[in-house]
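Text of final04.txt (compact mmCIF, N, CA and C atoms) as supplied:
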```txt
# COMPACT_ATOMS: atom_id res chain seq x y z
N GLU A 20 -10.32 -43.21 54.04
CA GLU A 20 -10.87 -41.87 54.02
C GLU A 20 -12.23 -41.83 53.33
N ARG A 21 -12.48 -42.77 52.45
CA ARG A 21 -13.73 -42.80 51.70
C ARG A 21 -14.91 -43.19 52.59
N GLY A 22 -14.64 -43.98 53.63
CA GLY A 22 -15.69 -44.31 54.58
C GLY A 22 -16.40 -45.62 54.34
N HIS A 23 -16.19 -46.25 53.19
CA HIS A 23 -16.80 -47.56 52.93
C HIS A 23 -16.01 -48.27 51.84
N GLY A 24 -16.33 -49.55 51.66
CA GLY A 24 -15.67 -50.34 50.63
C GLY A 24 -14.77 -51.40 51.25
N LEU A 25 -14.35 -52.34 50.41
CA LEU A 25 -13.50 -53.44 50.87
C LEU A 25 -12.02 -53.13 50.73
N GLY A 26 -11.66 -52.37 49.71
CA GLY A 26 -10.26 -52.09 49.43
C GLY A 26 -10.11 -51.53 48.04
N LEU A 27 -9.02 -51.91 47.37
CA LEU A 27 -8.75 -51.45 46.01
C LEU A 27 -8.95 -52.60 45.02
N ARG A 28 -9.46 -52.27 43.86
CA ARG A 28 -9.55 -53.23 42.76
C ARG A 28 -8.43 -52.89 41.78
N LEU A 29 -7.60 -53.89 41.50
CA LEU A 29 -6.49 -53.72 40.57
C LEU A 29 -6.72 -54.64 39.38
N GLY A 30 -6.53 -54.11 38.19
CA GLY A 30 -6.69 -54.92 36.99
C GLY A 30 -5.87 -54.34 35.85
N ILE A 31 -6.07 -54.91 34.69
CA ILE A 31 -5.41 -54.42 33.48
C ILE A 31 -6.44 -54.32 32.38
N LYS A 32 -6.12 -53.48 31.40
CA LYS A 32 -6.95 -53.39 30.20
C LYS A 32 -6.02 -53.26 29.01
N THR A 33 -6.50 -53.73 27.87
CA THR A 33 -5.74 -53.62 26.64
C THR A 33 -5.87 -52.20 26.11
N THR A 34 -4.74 -51.50 26.04
CA THR A 34 -4.74 -50.11 25.60
C THR A 34 -3.32 -49.58 25.55
N GLY A 35 -3.17 -48.35 25.22
CA GLY A 35 -1.89 -47.67 25.29
C GLY A 35 -0.93 -48.06 24.18
N CYS A 36 0.21 -47.42 24.21
CA CYS A 36 1.23 -47.65 23.17
C CYS A 36 1.87 -49.02 23.30
N SER A 37 1.92 -49.57 24.51
CA SER A 37 2.64 -50.81 24.72
C SER A 37 1.75 -52.04 24.83
N GLY A 38 0.46 -51.87 24.97
CA GLY A 38 -0.41 -53.04 24.99
C GLY A 38 -1.35 -53.15 26.17
N TYR A 39 -0.86 -52.91 27.40
CA TYR A 39 -1.70 -53.05 28.58
C TYR A 39 -1.51 -51.84 29.50
N ALA A 40 -2.57 -51.49 30.21
CA ALA A 40 -2.50 -50.41 31.20
C ALA A 40 -3.13 -50.91 32.49
N TYR A 41 -2.67 -50.38 33.59
CA TYR A 41 -3.21 -50.74 34.90
C TYR A 41 -4.51 -49.99 35.16
N LEU A 42 -5.43 -50.66 35.83
CA LEU A 42 -6.68 -50.05 36.28
C LEU A 42 -6.72 -50.12 37.79
N ILE A 43 -7.04 -49.02 38.43
CA ILE A 43 -7.20 -48.99 39.89
C ILE A 43 -8.51 -48.29 40.19
N ASP A 44 -9.30 -48.92 41.07
CA ASP A 44 -10.58 -48.35 41.46
C ASP A 44 -10.88 -48.81 42.88
N TYR A 45 -11.92 -48.26 43.47
CA TYR A 45 -12.38 -48.73 44.76
C TYR A 45 -13.12 -50.05 44.56
N ALA A 46 -12.97 -50.96 45.49
CA ALA A 46 -13.70 -52.22 45.47
C ALA A 46 -14.77 -52.16 46.55
N ASP A 47 -16.02 -52.11 46.13
CA ASP A 47 -17.12 -52.07 47.08
C ASP A 47 -17.68 -53.45 47.36
N ASP A 48 -17.37 -54.41 46.49
CA ASP A 48 -17.84 -55.78 46.70
C ASP A 48 -16.83 -56.75 46.10
N GLN A 49 -16.93 -58.00 46.53
CA GLN A 49 -16.05 -59.03 46.01
C GLN A 49 -16.81 -59.82 44.96
N ARG A 50 -16.21 -59.95 43.78
CA ARG A 50 -16.82 -60.70 42.69
C ARG A 50 -16.39 -62.16 42.78
N GLY A 51 -17.11 -63.02 42.10
CA GLY A 51 -16.85 -64.46 42.18
C GLY A 51 -15.47 -64.87 41.72
N ASP A 52 -14.88 -64.14 40.79
CA ASP A 52 -13.56 -64.52 40.27
C ASP A 52 -12.42 -63.70 40.88
N ASP A 53 -12.70 -62.94 41.94
CA ASP A 53 -11.67 -62.11 42.57
C ASP A 53 -10.75 -62.93 43.46
N VAL A 54 -9.48 -62.59 43.41
CA VAL A 54 -8.50 -63.09 44.36
C VAL A 54 -8.17 -61.90 45.25
N VAL A 55 -8.19 -62.13 46.56
CA VAL A 55 -7.94 -61.05 47.52
C VAL A 55 -6.54 -61.21 48.09
N VAL A 56 -5.77 -60.13 48.00
CA VAL A 56 -4.42 -60.08 48.56
C VAL A 56 -4.43 -58.97 49.60
N GLU A 57 -3.91 -59.27 50.79
CA GLU A 57 -3.87 -58.25 51.83
C GLU A 57 -2.42 -58.06 52.28
N ALA A 58 -1.99 -56.81 52.28
CA ALA A 58 -0.64 -56.48 52.72
C ALA A 58 -0.65 -55.06 53.30
N HIS A 59 0.06 -54.87 54.36
CA HIS A 59 0.20 -53.56 55.00
C HIS A 59 -1.15 -52.93 55.33
N GLY A 60 -2.13 -53.78 55.69
CA GLY A 60 -3.45 -53.29 56.08
C GLY A 60 -4.35 -52.89 54.94
N VAL A 61 -3.96 -53.21 53.71
CA VAL A 61 -4.76 -52.85 52.53
C VAL A 61 -5.17 -54.13 51.80
N LYS A 62 -6.45 -54.23 51.46
CA LYS A 62 -6.94 -55.34 50.65
C LYS A 62 -6.95 -54.92 49.19
N VAL A 63 -6.38 -55.78 48.35
CA VAL A 63 -6.38 -55.54 46.90
C VAL A 63 -7.09 -56.72 46.26
N LEU A 64 -8.12 -56.44 45.45
CA LEU A 64 -8.88 -57.46 44.76
C LEU A 64 -8.49 -57.46 43.30
N VAL A 65 -8.18 -58.66 42.79
CA VAL A 65 -7.72 -58.81 41.41
C VAL A 65 -8.55 -59.92 40.76
N ALA A 66 -9.08 -59.65 39.56
CA ALA A 66 -9.79 -60.68 38.81
C ALA A 66 -8.81 -61.78 38.43
N GLU A 67 -9.24 -63.01 38.55
CA GLU A 67 -8.36 -64.15 38.28
C GLU A 67 -7.76 -64.10 36.88
N LYS A 68 -8.49 -63.58 35.90
CA LYS A 68 -8.00 -63.52 34.53
C LYS A 68 -6.80 -62.57 34.37
N ASP A 69 -6.66 -61.61 35.29
CA ASP A 69 -5.56 -60.65 35.22
C ASP A 69 -4.30 -61.11 35.95
N LEU A 70 -4.40 -62.18 36.71
CA LEU A 70 -3.27 -62.64 37.51
C LEU A 70 -2.00 -62.96 36.73
N PRO A 71 -2.07 -63.60 35.55
CA PRO A 71 -0.82 -63.91 34.86
C PRO A 71 0.06 -62.68 34.56
N LEU A 72 -0.55 -61.54 34.29
CA LEU A 72 0.23 -60.33 34.00
C LEU A 72 0.55 -59.51 35.25
N LEU A 73 -0.05 -59.88 36.38
CA LEU A 73 0.17 -59.13 37.61
C LEU A 73 0.91 -59.93 38.67
N GLN A 74 1.17 -61.20 38.40
CA GLN A 74 1.86 -62.05 39.38
C GLN A 74 3.23 -61.48 39.72
N GLY A 75 3.50 -61.26 40.99
CA GLY A 75 4.78 -60.72 41.43
C GLY A 75 4.86 -59.20 41.39
N LEU A 76 3.78 -58.53 41.00
CA LEU A 76 3.76 -57.06 40.91
C LEU A 76 4.01 -56.44 42.29
N ARG A 77 4.84 -55.42 42.31
CA ARG A 77 5.03 -54.59 43.50
C ARG A 77 4.41 -53.24 43.21
N MET A 78 3.50 -52.83 44.07
CA MET A 78 2.79 -51.57 43.87
C MET A 78 3.08 -50.68 45.08
N ASP A 79 3.37 -49.42 44.82
CA ASP A 79 3.70 -48.48 45.88
C ASP A 79 2.89 -47.20 45.66
N PHE A 80 2.36 -46.65 46.72
CA PHE A 80 1.65 -45.37 46.67
C PHE A 80 2.57 -44.31 47.23
N ARG A 81 2.74 -43.23 46.48
CA ARG A 81 3.66 -42.17 46.91
C ARG A 81 3.01 -40.80 46.81
N ARG A 82 3.42 -39.95 47.72
CA ARG A 82 3.07 -38.53 47.62
C ARG A 82 4.34 -37.82 47.18
N GLU A 83 4.24 -37.14 46.05
CA GLU A 83 5.39 -36.43 45.50
C GLU A 83 4.96 -34.97 45.31
N GLY A 84 5.33 -34.14 46.26
CA GLY A 84 4.88 -32.75 46.22
C GLY A 84 3.37 -32.70 46.42
N LEU A 85 2.68 -32.09 45.49
CA LEU A 85 1.23 -32.01 45.56
C LEU A 85 0.55 -33.21 44.91
N ASN A 86 1.34 -34.08 44.27
CA ASN A 86 0.79 -35.21 43.55
C ASN A 86 0.80 -36.48 44.38
N GLU A 87 -0.18 -37.33 44.15
CA GLU A 87 -0.24 -38.66 44.72
C GLU A 87 -0.27 -39.63 43.55
N VAL A 88 0.59 -40.68 43.60
CA VAL A 88 0.72 -41.54 42.44
C VAL A 88 1.00 -42.97 42.88
N PHE A 89 0.52 -43.93 42.10
CA PHE A 89 0.89 -45.32 42.28
C PHE A 89 2.07 -45.61 41.37
N ARG A 90 3.06 -46.33 41.88
CA ARG A 90 4.21 -46.78 41.10
C ARG A 90 4.15 -48.29 41.03
N PHE A 91 4.48 -48.84 39.86
CA PHE A 91 4.40 -50.27 39.63
C PHE A 91 5.77 -50.82 39.25
N ASP A 92 6.13 -51.93 39.86
CA ASP A 92 7.31 -52.68 39.48
C ASP A 92 6.81 -54.07 39.12
N ASN A 93 6.68 -54.31 37.82
CA ASN A 93 6.06 -55.54 37.33
C ASN A 93 7.11 -56.42 36.66
N PRO A 94 7.42 -57.59 37.25
CA PRO A 94 8.41 -58.48 36.66
C PRO A 94 7.94 -59.08 35.33
N ASN A 95 6.66 -58.97 35.02
CA ASN A 95 6.11 -59.50 33.78
C ASN A 95 6.15 -58.50 32.63
N ALA A 96 6.60 -57.29 32.90
CA ALA A 96 6.65 -56.25 31.86
C ALA A 96 8.01 -56.29 31.17
N ALA A 97 7.98 -56.49 29.86
CA ALA A 97 9.22 -56.49 29.07
C ALA A 97 9.60 -55.08 28.66
N ALA A 98 8.61 -54.22 28.48
CA ALA A 98 8.87 -52.85 28.05
C ALA A 98 7.79 -51.93 28.61
N LEU A 99 8.17 -50.70 28.87
CA LEU A 99 7.24 -49.69 29.36
C LEU A 99 7.10 -48.61 28.31
N CYS A 100 5.91 -48.06 28.22
CA CYS A 100 5.66 -46.97 27.30
C CYS A 100 6.35 -45.71 27.81
N GLY A 101 6.77 -44.86 26.90
CA GLY A 101 7.42 -43.61 27.27
C GLY A 101 6.55 -42.72 28.13
N CYS A 102 5.23 -42.83 27.97
CA CYS A 102 4.32 -42.00 28.77
C CYS A 102 4.15 -42.56 30.18
N GLY A 103 4.61 -43.81 30.41
CA GLY A 103 4.50 -44.42 31.72
C GLY A 103 3.14 -44.97 32.05
N GLU A 104 2.24 -44.98 31.09
CA GLU A 104 0.87 -45.44 31.34
C GLU A 104 0.61 -46.87 30.91
N SER A 105 1.51 -47.48 30.16
CA SER A 105 1.24 -48.83 29.69
C SER A 105 2.52 -49.65 29.63
N PHE A 106 2.34 -50.96 29.45
CA PHE A 106 3.47 -51.90 29.40
C PHE A 106 3.17 -53.02 28.42
N SER A 107 4.21 -53.63 27.94
CA SER A 107 4.05 -54.85 27.13
C SER A 107 4.63 -56.01 27.92
N PRO A 108 3.96 -57.15 27.89
CA PRO A 108 4.41 -58.28 28.69
C PRO A 108 5.61 -58.98 28.09
N ALA A 109 6.37 -59.63 28.95
CA ALA A 109 7.48 -60.48 28.52
C ALA A 109 6.87 -61.71 27.84
N PRO A 110 7.54 -62.29 26.85
CA PRO A 110 7.04 -63.51 26.24
C PRO A 110 6.92 -64.61 27.28
N ALA A 111 5.88 -65.41 27.16
CA ALA A 111 5.70 -66.51 28.09
C ALA A 111 6.83 -67.52 27.94
N VAL A 112 7.25 -68.12 29.02
CA VAL A 112 8.30 -69.12 28.99
C VAL A 112 7.85 -70.28 28.12
N GLY A 113 8.69 -70.67 27.17
CA GLY A 113 8.35 -71.76 26.27
C GLY A 113 7.50 -71.35 25.09
N ALA A 114 7.16 -70.05 24.97
CA ALA A 114 6.35 -69.60 23.85
C ALA A 114 7.22 -69.53 22.60
N ALA A 115 6.62 -69.85 21.48
CA ALA A 115 7.35 -69.83 20.21
C ALA A 115 7.36 -68.44 19.63
```
Here is the file; what I need is its structure written in the form of structure tokens.
Amino acid sequence: ERGHGLGLRLGIKTTGCSGYAYLIDYADDQRGDDVVVEAHGVKVLVAEKDLPLLQGLRMDFRREGLNEVFRFDNPNAAALCGCGESFSPAPAVGAA
């Protein structure tokens, strides 16, 4: 509907009550460290540095009444914030 761009840019940032929050924006260009995933006719660009916390992520876009929202099912999230805006990662396998 926007009329231009490559797809969606998905990333994470350190913030929130639990540690990390998802970032979603339009991707107008591909950066050197981007990994491109295409599914269901949508291209999603992810910076390589964010992949460890997003590997296996299932993302769904829903219309709920008048609202439109992305839902995330992240196997790397050990806990979710009560506000639903952030997550804390599961300990890495073999981490002390």
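CA of Gly26 in chain A to CA of Gln49 in chain A spans 9.7 Å [interatomic distance, one decimal].
You will find CA of Asp69 in chain A at 13.1 Å from atom C of Leu27 in chain A.
With distances restricted to only N, CA and C atoms, A:Asn95 is the closest residue to Gly75 in chain A from A:Val63, A:Arg90, A:Asp52, A:Asn95.
Atom to atom, CA of Leu85 in chain A and CA of Val61 in chain A stand 22.8 Å apart.
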Box for range 79-82 of chain A: with edges along x, y and z, all listed atoms inside and 8 Å added on each side, what are the centre and edge lengths in Å to one decimal, as JSON?
```
{"center_x": 3.0, "center_y": -43.6, "center_z": 46.3, "size_x": 18.7, "size_y": 27.6, "size_z": 18.9}
```
For a quick check of understanding, using only C-alpha atoms, which of A:Asp92, A:Glu87, A:Asp44, A:Asp53 has the smallest distance to Leu73 in chain A?
A:Asp92
Spatial neighbours of Thr34 in chain A, max dist 12 Å, only C-alpha atoms, sep filter under 6 positions, as an NGL selection string:
:A and (40-42 or 100 or 104-107)
For the residues in that selection, give me N, CA and C atoms as a compact mmCIF listing (two decimals), in the frame of the given file.
```txt
# COMPACT_ATOMS: atom_id res chain seq x y z
N ALA A 40 -2.57 -51.49 30.21
CA ALA A 40 -2.50 -50.41 31.20
C ALA A 40 -3.13 -50.91 32.49
N TYR A 41 -2.67 -50.38 33.59
CA TYR A 41 -3.21 -50.74 34.90
C TYR A 41 -4.51 -49.99 35.16
N LEU A 42 -5.43 -50.66 35.83
CA LEU A 42 -6.68 -50.05 36.28
C LEU A 42 -6.72 -50.12 37.79
N CYS A 100 5.91 -48.06 28.22
CA CYS A 100 5.66 -46.97 27.30
C CYS A 100 6.35 -45.71 27.81
N GLU A 104 2.24 -44.98 31.09
CA GLU A 104 0.87 -45.44 31.34
C GLU A 104 0.61 -46.87 30.91
N SER A 105 1.51 -47.48 30.16
CA SER A 105 1.24 -48.83 29.69
C SER A 105 2.52 -49.65 29.63
N PHE A 106 2.34 -50.96 29.45
CA PHE A 106 3.47 -51.90 29.40
C PHE A 106 3.17 -53.02 28.42
N SER A 107 4.21 -53.63 27.94
CA SER A 107 4.05 -54.85 27.13
C SER A 107 4.63 -56.01 27.92
```
Please, which residues of chain A, numbered as in this document, come out strand (DSSP E or B) from DSSP, as a VMD selection string?
chain A and resid 26 to 34 38 to 46 53 to 58 61 to 66 77 to 83 86 to 92 96 to 99 106 to 108
Could you turn the residues from that selection into a file that holds N, CA and C atoms, as a compact mmCIF listing (two decimals), in the coordinates of the input?
```txt
# COMPACT_ATOMS: atom_id res chain seq x y z
N GLY A 26 -11.66 -52.37 49.71
CA GLY A 26 -10.26 -52.09 49.43
C GLY A 26 -10.11 -51.53 48.04
N LEU A 27 -9.02 -51.91 47.37
CA LEU A 27 -8.75 -51.45 46.01
C LEU A 27 -8.95 -52.60 45.02
N ARG A 28 -9.46 -52.27 43.86
CA ARG A 28 -9.55 -53.23 42.76
C ARG A 28 -8.43 -52.89 41.78
N LEU A 29 -7.60 -53.89 41.50
CA LEU A 29 -6.49 -53.72 40.57
C LEU A 29 -6.72 -54.64 39.38
N GLY A 30 -6.53 -54.11 38.19
CA GLY A 30 -6.69 -54.92 36.99
C GLY A 30 -5.87 -54.34 35.85
N ILE A 31 -6.07 -54.91 34.69
CA ILE A 31 -5.41 -54.42 33.48
C ILE A 31 -6.44 -54.32 32.38
N LYS A 32 -6.12 -53.48 31.40
CA LYS A 32 -6.95 -53.39 30.20
C LYS A 32 -6.02 -53.26 29.01
N THR A 33 -6.50 -53.73 27.87
CA THR A 33 -5.74 -53.62 26.64
C THR A 33 -5.87 -52.20 26.11
N THR A 34 -4.74 -51.50 26.04
CA THR A 34 -4.74 -50.11 25.60
C THR A 34 -3.32 -49.58 25.55
N GLY A 38 0.46 -51.87 24.97
CA GLY A 38 -0.41 -53.04 24.99
C GLY A 38 -1.35 -53.15 26.17
N TYR A 39 -0.86 -52.91 27.40
CA TYR A 39 -1.70 -53.05 28.58
C TYR A 39 -1.51 -51.84 29.50
N ALA A 40 -2.57 -51.49 30.21
CA ALA A 40 -2.50 -50.41 31.20
C ALA A 40 -3.13 -50.91 32.49
N TYR A 41 -2.67 -50.38 33.59
CA TYR A 41 -3.21 -50.74 34.90
C TYR A 41 -4.51 -49.99 35.16
N LEU A 42 -5.43 -50.66 35.83
CA LEU A 42 -6.68 -50.05 36.28
C LEU A 42 -6.72 -50.12 37.79
N ILE A 43 -7.04 -49.02 38.43
CA ILE A 43 -7.20 -48.99 39.89
C ILE A 43 -8.51 -48.29 40.19
N ASP A 44 -9.30 -48.92 41.07
CA ASP A 44 -10.58 -48.35 41.46
C ASP A 44 -10.88 -48.81 42.88
N TYR A 45 -11.92 -48.26 43.47
CA TYR A 45 -12.38 -48.73 44.76
C TYR A 45 -13.12 -50.05 44.56
N ALA A 46 -12.97 -50.96 45.49
CA ALA A 46 -13.70 -52.22 45.47
C ALA A 46 -14.77 -52.16 46.55
N ASP A 53 -12.70 -62.94 41.94
CA ASP A 53 -11.67 -62.11 42.57
C ASP A 53 -10.75 -62.93 43.46
N VAL A 54 -9.48 -62.59 43.41
CA VAL A 54 -8.50 -63.09 44.36
C VAL A 54 -8.17 -61.90 45.25
N VAL A 55 -8.19 -62.13 46.56
CA VAL A 55 -7.94 -61.05 47.52
C VAL A 55 -6.54 -61.21 48.09
N VAL A 56 -5.77 -60.13 48.00
CA VAL A 56 -4.42 -60.08 48.56
C VAL A 56 -4.43 -58.97 49.60
N GLU A 57 -3.91 -59.27 50.79
CA GLU A 57 -3.87 -58.25 51.83
C GLU A 57 -2.42 -58.06 52.28
N ALA A 58 -1.99 -56.81 52.28
CA ALA A 58 -0.64 -56.48 52.72
C ALA A 58 -0.65 -55.06 53.30
N VAL A 61 -3.96 -53.21 53.71
CA VAL A 61 -4.76 -52.85 52.53
C VAL A 61 -5.17 -54.13 51.80
N LYS A 62 -6.45 -54.23 51.46
CA LYS A 62 -6.94 -55.34 50.65
C LYS A 62 -6.95 -54.92 49.19
N VAL A 63 -6.38 -55.78 48.35
CA VAL A 63 -6.38 -55.54 46.90
C VAL A 63 -7.09 -56.72 46.26
N LEU A 64 -8.12 -56.44 45.45
CA LEU A 64 -8.88 -57.46 44.76
C LEU A 64 -8.49 -57.46 43.30
N VAL A 65 -8.18 -58.66 42.79
CA VAL A 65 -7.72 -58.81 41.41
C VAL A 65 -8.55 -59.92 40.76
N ALA A 66 -9.08 -59.65 39.56
CA ALA A 66 -9.79 -60.68 38.81
C ALA A 66 -8.81 -61.78 38.43
N ARG A 77 4.84 -55.42 42.31
CA ARG A 77 5.03 -54.59 43.50
C ARG A 77 4.41 -53.24 43.21
N MET A 78 3.50 -52.83 44.07
CA MET A 78 2.79 -51.57 43.87
C MET A 78 3.08 -50.68 45.08
N ASP A 79 3.37 -49.42 44.82
CA ASP A 79 3.70 -48.48 45.88
C ASP A 79 2.89 -47.20 45.66
N PHE A 80 2.36 -46.65 46.72
CA PHE A 80 1.65 -45.37 46.67
C PHE A 80 2.57 -44.31 47.23
N ARG A 81 2.74 -43.23 46.48
CA ARG A 81 3.66 -42.17 46.91
C ARG A 81 3.01 -40.80 46.81
N ARG A 82 3.42 -39.95 47.72
CA ARG A 82 3.07 -38.53 47.62
C ARG A 82 4.34 -37.82 47.18
N GLU A 83 4.24 -37.14 46.05
CA GLU A 83 5.39 -36.43 45.50
C GLU A 83 4.96 -34.97 45.31
N ASN A 86 1.34 -34.08 44.27
CA ASN A 86 0.79 -35.21 43.55
C ASN A 86 0.80 -36.48 44.38
N GLU A 87 -0.18 -37.33 44.15
CA GLU A 87 -0.24 -38.66 44.72
C GLU A 87 -0.27 -39.63 43.55
N VAL A 88 0.59 -40.68 43.60
CA VAL A 88 0.72 -41.54 42.44
C VAL A 88 1.00 -42.97 42.88
N PHE A 89 0.52 -43.93 42.10
CA PHE A 89 0.89 -45.32 42.28
C PHE A 89 2.07 -45.61 41.37
N ARG A 90 3.06 -46.33 41.88
CA ARG A 90 4.21 -46.78 41.10
C ARG A 90 4.15 -48.29 41.03
N PHE A 91 4.48 -48.84 39.86
CA PHE A 91 4.40 -50.27 39.63
C PHE A 91 5.77 -50.82 39.25
N ASP A 92 6.13 -51.93 39.86
CA ASP A 92 7.31 -52.68 39.48
C ASP A 92 6.81 -54.07 39.12
N ALA A 96 6.60 -57.29 32.90
CA ALA A 96 6.65 -56.25 31.86
C ALA A 96 8.01 -56.29 31.17
N ALA A 97 7.98 -56.49 29.86
CA ALA A 97 9.22 -56.49 29.07
C ALA A 97 9.60 -55.08 28.66
N ALA A 98 8.61 -54.22 28.48
CA ALA A 98 8.87 -52.85 28.05
C ALA A 98 7.79 -51.93 28.61
N LEU A 99 8.17 -50.70 28.87
CA LEU A 99 7.24 -49.69 29.36
C LEU A 99 7.10 -48.61 28.31
N PHE A 106 2.34 -50.96 29.45
CA PHE A 106 3.47 -51.90 29.40
C PHE A 106 3.17 -53.02 28.42
N SER A 107 4.21 -53.63 27.94
CA SER A 107 4.05 -54.85 27.13
C SER A 107 4.63 -56.01 27.92
N PRO A 108 3.96 -57.15 27.89
CA PRO A 108 4.41 -58.28 28.69
C PRO A 108 5.61 -58.98 28.09
```
Which residues are close to Val65 in chain A, i.e. within 8 Å by only C-alpha atoms, leaving aside same-chain residues fewer than 3 positions away? Reply as a PyMOL selection string.
chain A and resi 28-30+53-56+69-70
Have a look at A:Asp48, A:Arg21, A:Leu72, A:Ile31 and name the one nearest to Ala96 in chain A; count all atoms listed in the file.
A:Leu72
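Using only N, CA and C atoms, the shortest contact distance between Pro108 in chain A and any of A:Gly84, A:Met78, A:Phe91, A:Gly38 is found at A:Gly38.
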